[in-house]
Each structure stands twice: as structure tokens, then as C-alpha cells.
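For reference, the structure is listed below as C-alpha cells.
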Amino acid sequence: MRRSAFARFATLALVAVVSAPFRVQLAAQSGAIVPPTDFAYVTIERLAELGVLDSVIIGQRPYSRGEIARIARVGLAVMESGRRRARGLTDADAQLVGGLLRQLQARFGETSESTPADERPSARLDGIGLTLTSTDAERRAFPGTQTGLTETTIDPLATRRLGAPAPTGQTLAFEAAAVAAPASWITLQARGRVEARQTRDAALSRTNGEILLASLRARYRNAAVTIGRNALAWSQGEGDGLFLASDAPALDQLSLTGDHPFALPWILRVLGPTQATVIAANLGASRVRSGSLLTGYKVSIKPDADVELGGTFLNHWGGAGARSSPFIERVIDNLPIIDVFRSHNYDDSTKTLDVESDKSLGIDGRWRMSSLGGVLLTGEMLIDDFDHRRLGKLLTGYGSQTLGIVLPKLGSPALSMKVSVKHLGIVTYTHVELSNGMTSRGRLLGDELGPDAKSFGAQLRWTPSAALRVALDGRTITYSKAEYESYYSDAARTLYHVRKKSFGGDERRDIAGASMLFHGDEAFVVSARVGAERIRNADFGGLTRHDYVAELALRIGM
């Protein structure tokens with residue numbers, strides 16, 4: 001695309017955004033899904049840090065519009081009833097919290113389960129956005145410890161947006177979302193992007209278009225079934241998530257979940273508000289095991305207003321070239337409580353062979369310590385390709401762990417800080433047969449840190465009002481390129497090991513950035529981000545490189 005064409009595209013997109021307030025009405029369907037990339041989740045996380053949200057499960061998203069409306073409604077009731085004192089909220093806290101809750105209510109509060117179906121619009125534009133990105137960072141191949149290169153690339157400096165990553169150079173993207181509700185219990189949604197590019201990569205087209213999300217969601221009471229391309233996040237906060245990261249790619253999936261947290265029957269009610277999600281997804285085309293499948297589930301409980309615990313299981317299996325297995329074997333393969341204790345047979349063809357699969361099991365949680373001023377601890381652990389003999393290695397090189405510490409108030413509710421530490425194990429996201437890895441369309445589902453890597457980061461946030469949030473952050477990341485070997489240590493071939501046999505030079509990245517988020521009203525949002533990184537031993541080639549990224553986005557209703 002020539003500069004003149006790029007300028008024309010920019011002008012048309014800008015006119016669409018600027019004129020949108022006169023044409024766009026926000027969707028009112030309470031069953032519509034709010035994607036995990038929506039800025040509303042930044043507000044919800046801040047409210048959770050301040051201890052306002054008693055019955056909200058943070059570790060499973062997305063929420064429906066109706067659920068966010070409920071969050072705002074319950075939160076405002078807490079503030080207005082005087083219970084805020086019991087939550088340790090001062091008058092200064094209440095001013096910020098009240099503003100954040102009213103912000104959510106202004107955008108989502110019009111949705112209501114009691115709204116008569118004939119008063120709901122059948123279809124409408126749900127929002128539009130315009131994003132300008134400029135970067136000279138180059139994505140590089142991603143090594144797996146057991147298979148060499150996996151079928152994905154990484155760029156930790158970039159924002160992991162829905163769809164294809166923004167290429168090196170300049171990109172102007174225009175997005176639009178639509179929602180329709182043929183009946184009160186069914187919702188259809190779609191979101192797409194068209195963009196113009198100026199890039200040094202001659203293999204890339206100057207223009208691009210793609211469907212980011214497209215799904216149908218049906219509800220019966222509190223049960224919701226979603227089919228189609230949908231984004232899910234199983235994480236305790238922004239930038240976290242070992243299984244499905246907060247910025248994970250959308251999946252072509254079928255899922256069953258609760259529309260909002262529910263109470264279990266009988267004595268199990270002591271577990272508190274509970275949420276559960278079951279998914280089955282096709283990971284799409286790949287060089288190896290194309291069309292491989294992902295099945296799994298997550299259960300989260302909130303036994304106390306300050307505590308949330310979750311358990312997750314994911315199973316990557318099948319695809320082109322996978323051997324067939326009896327149905328009962330596939331069922332057991334998805335039941336870790338049974339599968340973890342049984343012996344496996346992958347080699348003796350005279351007996352039933354097990355399903356070739358890569359299974360991950362883990363736990364996550366958050367604990368807000370009211371007695372320490374609301375200090376919040378978040379964490380997650382994952383073990384990959386496990387059996388009962390390896391569970392003891394969950395905290396060692398086989399397992400992956402994350403820890404976040406949030407100081408919600410640094411003398412004032414306007415200032416807060418988060419410190420995060422991550423370590424990913426040597427086999428995380430990799431498998432000998434399923435060498436495409438836990439990826440979809442070239443992107444990792446989990447944390448992009450990847451196997452055998454470490455990260456330490458801190459973020460200082462300033463939120464003087466509900467309308468403005470400014471953050472400064474820094475990270476240091478170490479990627480490993482050691483050589484590994486795998487072997488069985490017993491004649492029965494049950495004790496499987498992966499270990500380093502030599503150490504290569506690590507790639508080290510130091511990243512610094514700043515971001516700003518401004519809410520003009522209930523629908524209009526402006527965000528900006530700048531970042532820079534220094535890479536030592538870049539792409540394990542011995543060179544030092546310096547990269548930058550700058551991004552400006554305008555959003556209306558999305």
C-alpha cells in the first residue's frame with residue numbers, strides 16, 4: 001500500500017471513530033460476552049485488589065455483560081450499605097471505588113435479566129476501535145526443549161492482541177464488533193479487523209482482514225453454552241496465566257460454563273461461590289498434527305471473601321497422523337484422578353496403546369490479607385506431561401510457577417504496585433509427538449515466557465480517578481537454549497526423565513514501558529503505550545539489539 005493509500009485508510013478510519021458517538025448504540029443484551037481484552041477487566045481487577053468484590057471469580061473469564069452489571073450492582077450496594085468499613089475501605093478508598101463501580105454501571109448497568117424480550121434490540125453495532133502501532137521488534141522462533149522449534153514465534157515487547165500479531169513497521173487497524181439477540185436466551189457476536197501496513201517484510205500483504213471472534217451463546221438459567229471462535233482467560237490478573245493466558249489467542253471451541261458464580265448443594269456450600277468451565281477446541285492448521293484438539297476444564301471456588309482457589313486440567317491430543325485409540329482410553333485420558341495413577345503403554349503394539357497426548361494439571365489462587373492492609377498474593381503452578389511419579393517435581397524444573405504480590409495502596413489508593421516472578425519448567429508446552437505445542441494459529445495459549453525460562457517484573461500504577469490510569473513497568477527475562485535429552489531410567493519404561501545435557505548461551509531481555517488509559521465516558525476509551533527493550537544474545541546469535549514499540553488506540557464500546 002502506498003503512502004497515499006495508507007493516508008486515505010487512516011482518514012476513513014478516523015472519521016468512523018470520531019463520528020461513531022452519533023451512530024453507535026451499545027448493545028444491551030445481558031448474555032453478550034465481554035472479551036478478556038476489554039479494558040473493563042482492568043477496572044474489575046482494581047476493585048478486587050481493594051477488596052470490594054466478595055463473590056467474583058477472577059480466575060475464569062470472560063464475563064457476560066449481565067455478570068459485569070451484577071458486579072457493579074453488588075459493589076455499589078456494599079458501598080451504600082456501610083459494609084465498606086468492614087472491608088477496610090477508607091473515605092479516600094470509597095471515592096475511587098465508587099467512581100470505578102459507577103463507570104461499570106454506566107456501560108453495563110442497562111443490561112438486566114428482567115428486561116422484556118420484545119424491548120431488546122435484535123441486532124446492533126457493539127463497538128468500534130482504531131489502533132496505530134509502530135515497532136521495530138522482530139518476532140523470533142520459539143524453541144521447545146524436546147522438539148527443537150515449536151510452531152510459534154514470540155515478541156515479549158508486543159501487546160498480544162486478538163488475531164495475528166502486528167508486524168514490524170507501522171500498522172493502522174480498524175475493528176468493529178456486532179451483537180444480535182434473536183431471543184432473550186441466545187446471543188450471536190462477531191468482531192473483525194481490517195488493517196493497513198507499512199512493513200519491511202516483503203512477504204506480508206499491505207492490507208489484511210480477519211475475523212477475530214464469532215460465536216453463538218445460549219443460556220438456560222445459569223448454564224451457558226458457547227460455540228465458535230471465542231477468547232478465554234484462566235488467569236489471576238493481567239499478564240498472567242499458565243494455561244490460558246489473560247491475552248491468549250481466541251479458540252475455535254465449544255464450552256459450557258456458569259453465567260455467574262453459583263453455590264454448590266448440601267455441605268459443599270461451605271466452598272462458597274463456585275465457577276466451572278469445560279471446553280473442547282480445535283487448534284487449527286499446523287505443520288505437525290494439524291487439527292489437533294484441546295480438551296479441559298477448570299473449577300474455581302471462593303471459600304472466603306479474601307480467598308480464591310482454582311484447579312485446571314488441559315489435554316492436547318489428536319490431529320493429522322495421530323493413532324486411533326479406544327473411546328474409553330480417550331475418556332480416561334481426560335480424567336487425571338484416574339490417569340495419573342495408572343501405568344502407560346506407548347510402545348507394546350500387542351497391547352492397547354495409550355492416547356498420544358500432552359496433559360497439563362495445575363492450581364492457582366489469590367489471597368488478600370486484610371490484616372496487612374490488603375496485600376494481595378496471587379500464584380499458579382503447572383506440571384506438564386505428568387504421572388504420579390512426577391508430582392513431587394511440581395516445584396522443581398519440571399513444574400512451572402508464578403507469584404504475584406500486589407500492594408494495593410502505597411499511602412494512597414491512587415498508588416499501587418505489583419511485583420511478579422515467573423519460572424516455566426523444561427517441558428512446559430512441549431511434547432515429543434505433538435511438536436506443534438499448545439498453540440493456535442502460531443501463538444502460545446499460555447504464558448509466552450515458554451519452557452525453561454525465568455522472568456522478574458514490577459509495575460507501578462497511578463489511578464487518581466476512575467477516568468485515568470497510568471502505569472510504569474519493567475521486566476527482565478531469561479530465555480534458555482540448552483540441549484536436553486529424554487530417557488527412561490527403568491527397564492519397565494515407567495520412569496521418564498528430561499534433563500539438560502549441555503548449557504547454551506541464554507538470551508536476556510530487559511524491558512521498560514509506560515501506559516495510559518483514559519475513560520472519556522461510559523463508552524469512549526483512549527489508551528497509549530510505549531516500550532523499549534535491550535536484548536543480549538538476541539535470537540541466541542551473540543548480538544545485542546534495541547527495539548521499541550508505540551501504540552495509540554481509540555475505543556468506543558469495546
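Quick note on naming: the chains in the C-alpha cells go A, B, ... in the order shown, residues restart at 1 in each chain, and ligands are numbered from 1 in order of appearance.
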As an MDAnalysis selection string, please: all residues of stretch 271-378 of chain A that backbone DSSP puts in strand (DSSP E or B).
-> chainID A and resid 274:282 293:304 307:317 357:369 375:378
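Non-sequential neighbours of A:Ser292 (distance at most 10 Å, separation of 5 or more positions within a chain, only C-alpha atoms) are Ala281, Asn282, Leu283, Gly284, Ala285, Ser286, His316, Trp317, Gly318, Gly319, Ala320, Gly321, Ala322, Ser357, Leu434, Asn436, Gly437, Met438, Thr439 and Ser440 of chain A.
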Using only C-alpha atoms: which of A:Glu356, A:Arg269, A:Thr153, A:Thr133 has the shortest distance to A:Ala196 |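 Among the listed residues, A:Thr133 lies closest to A:Ala196.
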Using only C-alpha atoms, find the one residue out of A:Leu415, A:Val270, A:Ala183, A:Val278 that sits nearest to A:Arg219.
->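 Checking each candidate against A:Arg219, we get A:Ala183 as the closest.
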Counting only C-alpha atoms, the option among A:Leu53, A:Leu424, A:Leu132, A:Ala72 closest to A:Phe243 |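 Closest to A:Phe243, using only C-alpha atoms: A:Leu424.
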